[in-house]
file protein_21.cif (mmCIF, C-alpha atoms)
data_coords
loop_
_atom_site.label_atom_id
_atom_site.label_comp_id
_atom_site.auth_asym_id
_atom_site.auth_seq_id
_atom_site.Cartn_x
_atom_site.Cartn_y
_atom_site.Cartn_z
CA MET R 1 -16.10 -12.31 -16.64
CA LYS R 2 -12.39 -13.06 -17.01
CA ILE R 3 -10.24 -10.54 -15.15
CA LEU R 4 -6.45 -10.56 -15.36
CA PHE R 5 -4.24 -8.63 -12.94
CA PHE R 6 -0.75 -7.86 -14.18
CA LEU R 7 2.24 -6.73 -12.15
CA SER R 8 5.86 -7.40 -13.00
CA SER R 9 6.57 -9.31 -9.78
CA LEU R 10 4.93 -10.35 -6.53
CA LYS R 11 8.15 -11.20 -4.69
CA ASN R 12 8.35 -7.99 -2.65
CA LYS R 13 6.55 -7.67 0.67
CA GLY R 14 5.35 -4.14 -0.03
CA GLY R 15 2.11 -2.21 0.13
CA VAL R 16 1.34 -2.51 -3.59
CA GLU R 17 1.74 -6.27 -3.49
CA SER R 18 -0.28 -6.57 -0.28
CA ALA R 19 -3.14 -4.46 -1.68
CA THR R 20 -3.18 -6.39 -4.95
CA VAL R 21 -3.39 -9.77 -3.25
CA ALA R 22 -6.07 -8.53 -0.85
CA LEU R 23 -8.23 -7.46 -3.81
CA ILE R 24 -7.74 -10.54 -5.98
CA ASN R 25 -8.33 -12.87 -3.05
CA SER R 26 -11.55 -11.02 -2.18
CA LEU R 27 -12.75 -11.13 -5.78
CA ALA R 28 -11.91 -14.83 -6.04
CA GLU R 29 -13.82 -15.54 -2.84
CA SER R 30 -16.89 -13.35 -3.31
CA SER R 31 -17.55 -13.09 -7.04
CA SER R 32 -18.26 -15.39 -9.96
CA HIS R 33 -15.43 -13.91 -12.04
CA GLU R 34 -12.49 -15.96 -13.23
CA ILE R 35 -9.44 -14.27 -11.72
CA TYR R 36 -5.99 -14.50 -13.29
CA LEU R 37 -2.70 -13.21 -11.91
CA LEU R 38 0.13 -12.62 -14.37
CA THR R 39 3.78 -11.71 -13.65
CA LEU R 40 6.93 -11.69 -15.75
CA ASN R 41 8.55 -14.75 -14.24
CA ASP R 42 7.25 -15.46 -10.71
CA LYS R 43 6.01 -18.82 -9.53
CA VAL R 44 3.53 -19.22 -6.68
CA ASP R 45 6.30 -20.20 -4.28
CA ASP R 46 8.02 -16.87 -5.03
CA PHE R 47 5.05 -14.77 -3.91
CA ALA R 48 5.41 -12.64 -0.79
CA PHE R 49 1.69 -13.10 -0.07
CA ALA R 50 -0.51 -16.18 -0.42
CA VAL R 51 -3.18 -16.23 -3.11
CA ARG R 52 -6.34 -18.32 -3.07
CA PRO R 53 -6.17 -21.67 -4.89
CA ASN R 54 -8.98 -20.73 -7.29
CA ILE R 55 -6.86 -17.92 -8.78
CA THR R 56 -5.10 -18.91 -12.00
CA VAL R 57 -1.44 -17.94 -11.67
CA LEU R 58 0.49 -17.35 -14.90
CA ASN R 59 3.87 -15.97 -15.91
CA LEU R 60 5.44 -14.91 -19.19
CA ASN R 61 8.70 -16.79 -18.54
CA ILE R 62 10.70 -13.60 -19.08
CA LEU R 63 14.02 -13.44 -17.22
CA SER R 64 15.18 -10.11 -18.69
CA TYR R 65 12.54 -7.87 -20.21
CA LYS R 66 15.27 -5.70 -21.80
CA ARG R 67 16.69 -8.62 -23.76
CA GLU R 68 13.32 -10.30 -24.33
CA TYR R 69 11.05 -7.28 -24.66
CA PHE R 70 9.41 -8.17 -27.96
CA SER R 71 9.04 -11.81 -26.95
CA MET R 72 7.31 -10.56 -23.82
CA ILE R 73 4.93 -8.39 -25.88
CA PHE R 74 4.10 -11.31 -28.17
CA ARG R 75 3.49 -13.75 -25.29
CA PHE R 76 1.39 -11.25 -23.34
CA ARG R 77 -0.82 -10.49 -26.33
CA LYS R 78 -1.15 -14.16 -27.27
CA LEU R 79 -2.19 -15.03 -23.72
CA ILE R 80 -4.86 -12.32 -23.59
CA LYS R 81 -6.39 -13.48 -26.86
CA LYS R 82 -6.12 -17.20 -26.13
CA MET R 83 -7.68 -16.89 -22.67
CA LYS R 84 -10.32 -14.43 -23.98
CA ILE R 85 -9.63 -12.02 -21.13
CA ASP R 86 -12.34 -9.38 -20.64
CA VAL R 87 -10.40 -6.96 -18.41
CA VAL R 88 -6.67 -6.44 -17.88
CA ILE R 89 -5.84 -4.54 -14.69
CA SER R 90 -2.35 -3.12 -14.98
CA VAL R 91 -1.11 -2.59 -11.43
CA GLU R 92 0.66 0.81 -11.32
CA ALA R 93 0.85 3.12 -14.33
CA ILE R 94 4.49 2.25 -14.87
CA SER R 95 3.51 -1.36 -15.63
CA LEU R 96 2.18 -0.07 -18.96
CA LEU R 97 5.78 -0.58 -20.07
CA PHE R 98 4.72 -4.23 -20.33
CA SER R 99 0.94 -4.14 -20.80
CA PHE R 100 0.31 -1.26 -23.21
CA LEU R 101 1.65 -2.67 -26.48
CA PRO R 102 -0.02 -6.10 -26.03
CA MET R 103 -3.36 -4.29 -25.73
CA LEU R 104 -3.05 -2.26 -28.93
CA GLY R 105 -5.89 -2.99 -31.32
CA ILE R 106 -7.77 -5.39 -29.05
CA GLN R 107 -9.43 -2.99 -26.60
CA LYS R 108 -12.76 -3.58 -28.29
CA ASN R 109 -12.78 -7.06 -26.73
CA THR R 110 -10.41 -6.61 -23.77
CA LYS R 111 -10.58 -3.49 -21.60
CA LEU R 112 -7.55 -1.90 -19.93
CA VAL R 113 -7.76 -0.62 -16.35
CA VAL R 114 -4.75 1.18 -14.88
CA TRP R 115 -4.68 0.92 -11.08
CA GLU R 116 -2.22 3.54 -9.79
CA HIS R 117 -0.87 3.10 -6.26
CA PHE R 118 1.52 6.04 -6.09
CA ASN R 119 0.21 9.51 -5.34
CA PHE R 120 0.40 11.95 -8.23
CA LYS R 121 3.18 14.05 -6.70
CA ASN R 122 5.44 11.04 -6.22
CA ASN R 123 7.13 9.37 -9.18
CA ASN R 124 9.27 7.25 -6.81
CA GLY R 125 12.41 8.52 -8.49
CA ARG R 126 11.37 7.37 -11.95
CA LYS R 127 10.56 10.03 -14.55
CA SER R 128 9.15 7.29 -16.77
CA ARG R 129 6.21 7.01 -14.35
CA GLU R 130 5.07 10.46 -15.52
CA PHE R 131 5.19 9.35 -19.16
CA PHE R 132 3.12 6.25 -18.46
CA ARG R 133 0.55 8.31 -16.55
CA LYS R 134 0.12 10.42 -19.69
CA LEU R 135 -0.26 7.23 -21.70
CA ALA R 136 -2.90 5.95 -19.28
CA ALA R 137 -4.76 9.26 -19.37
CA ARG R 138 -5.10 8.94 -23.13
CA TYR R 139 -5.58 5.23 -23.77
CA ALA R 140 -6.92 3.41 -20.70
CA ASP R 141 -10.56 2.39 -20.49
CA MET R 142 -10.51 3.33 -16.79
CA ILE R 143 -7.98 4.71 -14.31
CA VAL R 144 -8.32 3.90 -10.61
CA THR R 145 -6.38 5.87 -8.00
CA LEU R 146 -6.42 5.41 -4.23
CA THR R 147 -7.69 8.85 -3.17
CA GLU R 148 -10.08 11.54 -4.36
CA ARG R 149 -7.24 14.06 -4.11
CA ASP R 150 -5.32 12.13 -6.75
CA VAL R 151 -8.31 12.07 -9.09
CA MET R 152 -8.34 15.87 -8.91
CA MET R 153 -4.59 16.05 -9.57
CA TRP R 154 -4.82 13.79 -12.64
CA ARG R 155 -7.63 15.92 -14.05
CA GLU R 156 -5.81 19.16 -13.30
CA HIS R 157 -2.41 18.23 -14.74
CA LEU R 158 -3.09 15.74 -17.55
CA LYS R 159 -5.17 15.79 -20.71
CA MET R 160 -7.71 13.20 -19.70
CA LYS R 161 -9.51 11.10 -22.28
CA ALA R 162 -9.86 8.12 -19.96
CA PRO R 163 -12.47 8.09 -17.19
CA ILE R 164 -10.99 8.14 -13.69
CA THR R 165 -12.20 7.29 -10.20
CA PHE R 166 -10.76 6.36 -6.81
CA ILE R 167 -11.24 3.24 -4.71
CA TYR R 168 -9.72 2.57 -1.30
CA ASN R 169 -7.55 -0.48 -0.70
CA ILE R 170 -8.92 -3.50 1.13
CA SER R 171 -7.37 -4.27 4.50
CA SER R 172 -5.22 -7.39 4.45
CA TYR R 173 -6.70 -8.50 7.77
CA GLU R 174 -10.30 -9.52 8.37
CA ASN R 175 -12.31 -10.38 11.47
CA ILE R 176 -9.88 -8.80 13.92
CA ASN R 177 -11.99 -8.33 17.05
CA ASN R 178 -10.16 -5.25 18.36
CA PRO R 179 -7.49 -7.04 20.40
CA TYR R 180 -5.92 -3.77 21.58
CA SER R 181 -4.10 -3.88 24.92
CA VAL R 182 -3.84 -0.47 26.56
CA LYS R 183 -1.07 -1.86 28.79
CA SER R 184 1.26 -2.44 25.85
CA ARG R 185 4.47 -0.42 26.03
CA LYS R 186 5.50 -0.86 22.42
CA ALA R 187 5.29 1.75 19.67
CA ILE R 188 5.87 0.33 16.20
CA ALA R 189 6.56 1.43 12.66
CA ILE R 190 6.51 -0.97 9.72
CA GLY R 191 7.99 -0.68 6.25
CA ARG R 192 10.92 -1.31 3.99
CA TYR R 193 14.18 0.29 5.09
CA VAL R 194 14.19 2.91 2.34
CA PRO R 195 14.48 6.73 2.50
CA VAL R 196 10.83 7.45 1.62
CA LYS R 197 9.62 5.80 4.85
CA GLY R 198 11.32 8.49 6.93
CA PHE R 199 12.63 6.14 9.60
CA GLU R 200 15.67 8.34 10.20
CA ARG R 201 13.44 11.16 11.38
CA LEU R 202 11.43 8.72 13.50
CA ILE R 203 14.65 7.61 15.22
CA ARG R 204 15.52 11.26 15.92
CA ILE R 205 12.00 11.98 17.21
CA TRP R 206 12.06 9.02 19.59
CA SER R 207 15.57 9.86 20.77
CA ASN R 208 14.62 13.49 21.42
CA MET R 209 11.48 12.38 23.27
CA SER R 210 13.42 9.98 25.48
CA ARG R 211 15.77 12.81 26.46
CA LYS R 212 13.00 15.37 26.95
CA TYR R 213 10.51 13.19 28.82
CA ASP R 214 10.42 10.16 31.09
CA ILE R 215 9.10 7.44 28.74
CA LYS R 216 9.53 4.76 31.41
CA ASP R 217 9.68 1.29 29.85
CA TRP R 218 8.31 2.18 26.41
CA GLU R 219 10.24 1.01 23.35
CA LEU R 220 10.06 1.70 19.62
CA GLN R 221 10.19 -1.24 17.23
CA ILE R 222 10.94 -0.45 13.59
CA VAL R 223 9.83 -3.54 11.70
CA GLY R 224 11.14 -4.13 8.20
CA TYR R 225 14.15 -5.00 6.10
CA GLY R 226 16.30 -3.39 3.44
CA ASP R 227 19.54 -1.73 2.47
CA LEU R 228 19.41 1.02 5.10
CA GLU R 229 19.45 -1.30 8.12
CA SER R 230 23.09 -0.54 8.92
CA THR R 231 22.45 3.19 8.51
CA TYR R 232 19.61 3.03 11.02
CA SER R 233 21.69 0.94 13.42
CA GLU R 234 24.50 3.49 13.32
CA LEU R 235 22.07 6.36 13.90
CA ILE R 236 20.49 4.59 16.88
CA HIS R 237 23.98 4.02 18.29
CA SER R 238 25.01 7.65 17.75
CA GLU R 239 21.81 8.83 19.46
CA ASN R 240 22.63 6.46 22.34
CA CYS R 241 18.98 5.37 22.45
CA THR R 242 18.63 1.81 23.72
CA SER R 243 14.82 1.87 23.56
CA ILE R 244 14.80 1.71 19.73
CA ILE R 245 14.96 -1.80 18.27
CA LEU R 246 15.13 -2.87 14.63
CA LYS R 247 13.03 -5.97 13.95
CA ASN R 248 13.06 -8.09 10.81
CA GLY R 249 9.61 -8.08 9.23
CA ALA R 250 10.26 -10.45 6.34
CA ALA R 251 8.28 -13.25 8.00
CA GLY R 252 5.18 -11.11 8.59
CA THR R 253 3.94 -8.25 10.74
CA GLN R 254 0.71 -9.47 12.34
CA GLN R 255 2.31 -10.38 15.67
CA PHE R 256 3.91 -6.96 15.94
CA LEU R 257 0.55 -5.29 15.33
CA LEU R 258 -1.13 -7.51 17.91
CA ASN R 259 1.39 -6.58 20.61
CA ALA R 260 1.67 -2.85 19.92
CA GLY R 261 0.26 0.12 21.78
CA ILE R 262 0.86 2.90 19.21
CA TYR R 263 1.58 3.04 15.50
CA CYS R 264 4.04 5.70 14.23
CA MET R 265 4.31 6.84 10.60
CA THR R 266 6.96 9.29 9.41
CA SER R 267 6.89 8.71 5.62
CA PHE R 268 7.71 11.50 3.20
CA PHE R 269 5.32 10.08 0.57
CA GLU R 270 2.58 7.46 0.48
CA GLY R 271 -0.32 6.49 -1.76
CA LEU R 272 -2.89 5.01 0.58
CA PRO R 273 -0.62 3.28 3.12
CA MET R 274 -1.76 -0.28 3.70
CA VAL R 275 0.10 -0.49 6.99
CA LEU R 276 -1.85 2.47 8.41
CA ILE R 277 -5.11 0.79 7.39
CA GLU R 278 -3.92 -2.43 9.01
CA ALA R 279 -2.88 -0.62 12.20
CA GLN R 280 -6.38 0.85 12.47
CA ASN R 281 -7.78 -2.62 11.81
CA PHE R 282 -5.96 -3.78 14.95
CA GLY R 283 -7.34 -0.83 16.89
CA LEU R 284 -4.01 0.96 17.17
CA PRO R 285 -3.94 4.69 17.92
CA CYS R 286 -1.83 6.20 15.14
CA ILE R 287 0.36 9.25 14.78
CA SER R 288 1.58 10.45 11.39
CA PHE R 289 2.91 13.42 9.54
CA ASP R 290 0.16 14.95 7.40
CA ILE R 291 1.82 14.30 4.07
CA TYR R 292 0.18 15.00 0.73
CA SER R 293 -1.72 11.76 0.39
CA GLY R 294 -2.76 8.88 2.63
CA PRO R 295 -2.87 9.58 6.36
CA SER R 296 -5.55 12.28 6.18
CA GLU R 297 -7.80 9.90 4.21
CA ILE R 298 -7.43 7.19 6.86
CA LEU R 299 -7.11 8.94 10.22
CA THR R 300 -9.61 11.17 12.01
CA GLU R 301 -9.03 13.27 15.11
CA ASN R 302 -10.74 10.50 17.09
CA SER R 303 -8.58 7.66 15.78
CA GLY R 304 -5.17 9.25 15.44
CA VAL R 305 -2.99 12.34 15.41
CA LEU R 306 -1.89 14.23 12.30
CA ILE R 307 1.20 16.44 12.56
CA ALA R 308 2.20 19.17 10.09
CA ASP R 309 4.76 17.52 7.84
CA GLY R 310 8.29 18.05 9.11
CA ASN R 311 7.32 19.49 12.50
CA MET R 312 9.53 17.19 14.56
CA GLU R 313 8.96 19.04 17.82
CA GLU R 314 5.18 18.78 17.64
CA TYR R 315 5.43 15.10 16.70
CA THR R 316 7.66 14.53 19.74
CA ASP R 317 5.22 16.23 22.12
CA LYS R 318 2.09 14.56 20.70
CA LEU R 319 3.72 11.14 20.74
CA PHE R 320 4.57 11.56 24.40
CA GLU R 321 0.98 12.66 25.06
CA LEU R 322 -0.19 9.34 23.60
CA ILE R 323 2.38 7.40 25.59
CA SER R 324 1.40 9.01 28.86
CA ASN R 325 -2.39 8.88 28.50
CA GLU R 326 -3.98 5.41 28.64
CA GLU R 327 -7.51 6.79 28.52
CA LEU R 328 -6.79 8.71 25.32
CA ARG R 329 -5.22 5.65 23.69
CA SER R 330 -8.17 3.48 24.67
CA GLU R 331 -10.68 5.95 23.18
CA MET R 332 -8.65 6.26 19.98
CA SER R 333 -8.41 2.49 19.73
CA ASP R 334 -12.18 2.11 19.81
CA SER R 335 -12.58 4.75 17.09
CA ALA R 336 -9.79 3.29 14.97
CA TYR R 337 -11.38 -0.14 14.97
CA VAL R 338 -14.81 1.21 14.01
CA LEU R 339 -13.42 3.42 11.24
CA SER R 340 -11.32 0.58 9.84
CA GLN R 341 -14.52 -1.09 8.67
CA ARG R 342 -14.45 1.32 5.70
CA PHE R 343 -11.68 -0.85 4.28
CA LYS R 344 -13.50 -4.17 4.51
CA PRO R 345 -14.13 -5.96 1.22
CA LYS R 346 -17.90 -5.49 0.75
CA GLU R 347 -18.12 -1.80 -0.23
CA ILE R 348 -14.79 -1.79 -2.04
CA LEU R 349 -15.73 -4.82 -4.14
CA GLU R 350 -18.99 -3.12 -5.08
CA SER R 351 -16.99 -0.18 -6.45
CA TRP R 352 -14.86 -2.51 -8.55
CA GLU R 353 -17.94 -4.37 -9.79
CA ASN R 354 -19.41 -1.05 -10.92
CA ILE R 355 -16.28 -0.43 -12.98
CA PHE R 356 -16.38 -3.86 -14.60
CA GLU R 357 -20.05 -3.42 -15.52
CA LYS R 358 -19.40 0.06 -16.89
CA ILE R 359 -16.50 -0.78 -19.20
CA VAL R 360 -17.56 -4.27 -20.36
CA GLN R 361 -20.75 -4.04 -22.35
#

call {"tool": "encode", "arguments": {"input": "protein_21.cif", "output": "structure tokens"}}
result
Amino acid sequence: MKILFFLSSLKNKGGVESATVALINSLAESSSHEIYLLTLNDKVDDFAFAVRPNITVLNLNILSYKREYFSMIFRFRKLIKKMKIDVVISVEAISLLFSFLPMLGIQKNTKLVVWEHFNFKNNNGRKSREFFRKLAARYADMIVTLTERDVMMWREHLKMKAPITFIYNISSYENINNPYSVKSRKAIAIGRYVPVKGFERLIRIWSNMSRKYDIKDWELQIVGYGDLESTYSELIHSENCTSIILKNGAAGTQQFLLNAGIYCMTSFFEGLPMVLIEAQNFGLPCISFDIYSGPSEILTENSGVLIADGNMEEYTDKLFELISNEELRSEMSDSAYVLSQRFKPKEILESWENIFEKIVQ
């Protein structure tokens, strides 16, 4: 079977890109399918994540989709027909802006799967995402979300003609033999420096905790990059909290995960956060606000702590409880590592294979 994944770009080091590469690499390694990866204009050297050499990488040579939109549609459609693609997986509903028109009239031979990474309540500031979800609900051959809760929301709020299911993301890291060090004195958070990640409230939580309690030699590392770096630096300075350090994560995050003692998440919205899955993969005890989607699907009371969203005081107290209790962290680490096996490739690939068999007759 020939399976083509489409996303506009793979240059960003984000969760969507990480999850996509983890899946296509696993399929390329473990299945007999021919895997293709298509972007608008990326070359392999542009990719934020490495893909396996047996994946065919293609691009549409489109520098500006607004100026070259109809050329893009023509090239996309021509490529699908020439390569005799069996399944197109459009990564994120909003990517139907590029993939929907090329598929018109050829879905008898080529099936369209829409793989949505954003939770239903979050349009990421783009109203067009809601339109493309409606389009997917009507015309896709299959819709895949990241959580069961989102499946219910799609069915409740949209007129569904397309079948829909959920499949967890695959962890980016394999064969990590629980390297957790209970003696680590580093708490970490990882993500782009953007408002949705909630790093401003994490800075305030850590600052309040350091004033309220004796945190000894613990430090918080916020690992990432982005436009809000100066904003965070100014906030850290105004809070007069020297135990918070901004670290550049552009070169990778594995070393930070290996050296950490606790993972902190303060996002306002997530789909199924890859970084939380990865933190559990490294055996890290995690603490997170219980936002609409993501943390509650990943964490259990044995592997992490869920805090009512926005309750900064409770987050502060529970974070200090983790910091001050080595035995609790060690027990959570063991549970986190065991539970992280849910996100290994085997079961997740089986779910994808079931979809391919179902829609391609």

call {"tool": "residues_around", "arguments": {"input": "protein_21.cif", "residues": "segment 163-171 of chain R", "least_positions_apart": "3", "cutoff": "9 Å", "atoms": "only C-alpha atoms", "output": "compact mmCIF listing (two decimals) with C-alpha atoms, in the frame of the given file"}}
result
# COMPACT_ATOMS: atom_id res chain seq x y z
CA SER R 18 -0.28 -6.57 -0.28
CA ALA R 19 -3.14 -4.46 -1.68
CA THR R 20 -3.18 -6.39 -4.95
CA ALA R 22 -6.07 -8.53 -0.85
CA LEU R 23 -8.23 -7.46 -3.81
CA SER R 26 -11.55 -11.02 -2.18
CA ALA R 137 -4.76 9.26 -19.37
CA ALA R 140 -6.92 3.41 -20.70
CA ASP R 141 -10.56 2.39 -20.49
CA MET R 142 -10.51 3.33 -16.79
CA ILE R 143 -7.98 4.71 -14.31
CA VAL R 144 -8.32 3.90 -10.61
CA THR R 145 -6.38 5.87 -8.00
CA LEU R 146 -6.42 5.41 -4.23
CA THR R 147 -7.69 8.85 -3.17
CA GLU R 148 -10.08 11.54 -4.36
CA ARG R 149 -7.24 14.06 -4.11
CA ASP R 150 -5.32 12.13 -6.75
CA VAL R 151 -8.31 12.07 -9.09
CA TRP R 154 -4.82 13.79 -12.64
CA ARG R 155 -7.63 15.92 -14.05
CA MET R 160 -7.71 13.20 -19.70
CA GLU R 174 -10.30 -9.52 8.37
CA LEU R 272 -2.89 5.01 0.58
CA PRO R 273 -0.62 3.28 3.12
CA MET R 274 -1.76 -0.28 3.70
CA VAL R 275 0.10 -0.49 6.99
CA ILE R 277 -5.11 0.79 7.39
CA GLU R 278 -3.92 -2.43 9.01
CA ASN R 281 -7.78 -2.62 11.81
CA SER R 340 -11.32 0.58 9.84
CA GLN R 341 -14.52 -1.09 8.67
CA ARG R 342 -14.45 1.32 5.70
CA PHE R 343 -11.68 -0.85 4.28
CA LYS R 344 -13.50 -4.17 4.51
CA PRO R 345 -14.13 -5.96 1.22
CA ILE R 348 -14.79 -1.79 -2.04
CA LEU R 349 -15.73 -4.82 -4.14
CA SER R 351 -16.99 -0.18 -6.45
CA TRP R 352 -14.86 -2.51 -8.55

call {"tool": "resolve_selection", "arguments": {"input": "protein_21.cif", "expression": "the PyMOL selection byres ((chain R and resi 356) around 10)", "output": "PDB file with C-alpha atoms, in the frame of the given file"}}
result
ATOM      1  CA  MET R   1     -16.100 -12.310 -16.640  1.00  0.00           C
ATOM      2  CA  ILE R   3     -10.240 -10.540 -15.150  1.00  0.00           C
ATOM      3  CA  ASP R  86     -12.340  -9.380 -20.640  1.00  0.00           C
ATOM      4  CA  VAL R  87     -10.400  -6.960 -18.410  1.00  0.00           C
ATOM      5  CA  LYS R 111     -10.580  -3.490 -21.600  1.00  0.00           C
ATOM      6  CA  VAL R 113      -7.760  -0.620 -16.350  1.00  0.00           C
ATOM      7  CA  MET R 142     -10.510   3.330 -16.790  1.00  0.00           C
ATOM      8  CA  GLU R 350     -18.990  -3.120  -5.080  1.00  0.00           C
ATOM      9  CA  SER R 351     -16.990  -0.180  -6.450  1.00  0.00           C
ATOM     10  CA  TRP R 352     -14.860  -2.510  -8.550  1.00  0.00           C
ATOM     11  CA  GLU R 353     -17.940  -4.370  -9.790  1.00  0.00           C
ATOM     12  CA  ASN R 354     -19.410  -1.050 -10.920  1.00  0.00           C
ATOM     13  CA  ILE R 355     -16.280  -0.430 -12.980  1.00  0.00           C
ATOM     14  CA  GLU R 357     -20.050  -3.420 -15.520  1.00  0.00           C
ATOM     15  CA  LYS R 358     -19.400   0.060 -16.890  1.00  0.00           C
ATOM     16  CA  ILE R 359     -16.500  -0.780 -19.200  1.00  0.00           C
ATOM     17  CA  VAL R 360     -17.560  -4.270 -20.360  1.00  0.00           C
ATOM     18  CA  GLN R 361     -20.750  -4.040 -22.350  1.00  0.00           C
TER      19      GLN R 361
END

call {"tool": "residues_around", "arguments": {"input": "protein_21.cif", "residues": "Asp46 of chain R", "least_positions_apart": "3", "cutoff": "7 Å", "atoms": "only C-alpha atoms", "output": "number ranges by chain"}}
result
R: 11, 42-43

call {"tool": "resolve_selection", "arguments": {"input": "protein_21.cif", "expression": "the PyMOL selection byres ((chain R and resi 291) around 8)", "output": "ChimeraX atom specification"}}
result
/R:267-270,289-290,292-296,308-309

call {"tool": "residues_near_point", "arguments": {"input": "protein_21.cif", "point": "(11.0, 1.8, 14.2)", "cutoff": "10 Å", "atoms": "only C-alpha atoms", "output": "PyMOL selection string"}}
result
chain R and resi 187-191+193+198-200+202-203+206+219-224+232+244-247+263-266

call {"tool": "closest_residue", "arguments": {"input": "protein_21.cif", "among": "R:Ser95, R:Ser30, R:Asn41, R:Asn259", "to": "Leu10 of chain R", "atoms": "all atoms listed in the file"}}
result
R:Asn41

call {"tool": "resolve_selection", "arguments": {"input": "protein_21.cif", "expression": "the PyMOL selection byres ((chain R and resi 207-213) around 9)", "output": "PyMOL selection string"}}
result
chain R and resi 202-206+214-216+236+239-241+243-244+313+316-317+319-320

call {"tool": "closest_residue", "arguments": {"input": "protein_21.cif", "among": "R:Glu234, R:Glu34, R:Glu314, R:Glu229", "to": "Leu4 of chain R", "atoms": "all atoms listed in the file"}}
result
R:Glu34
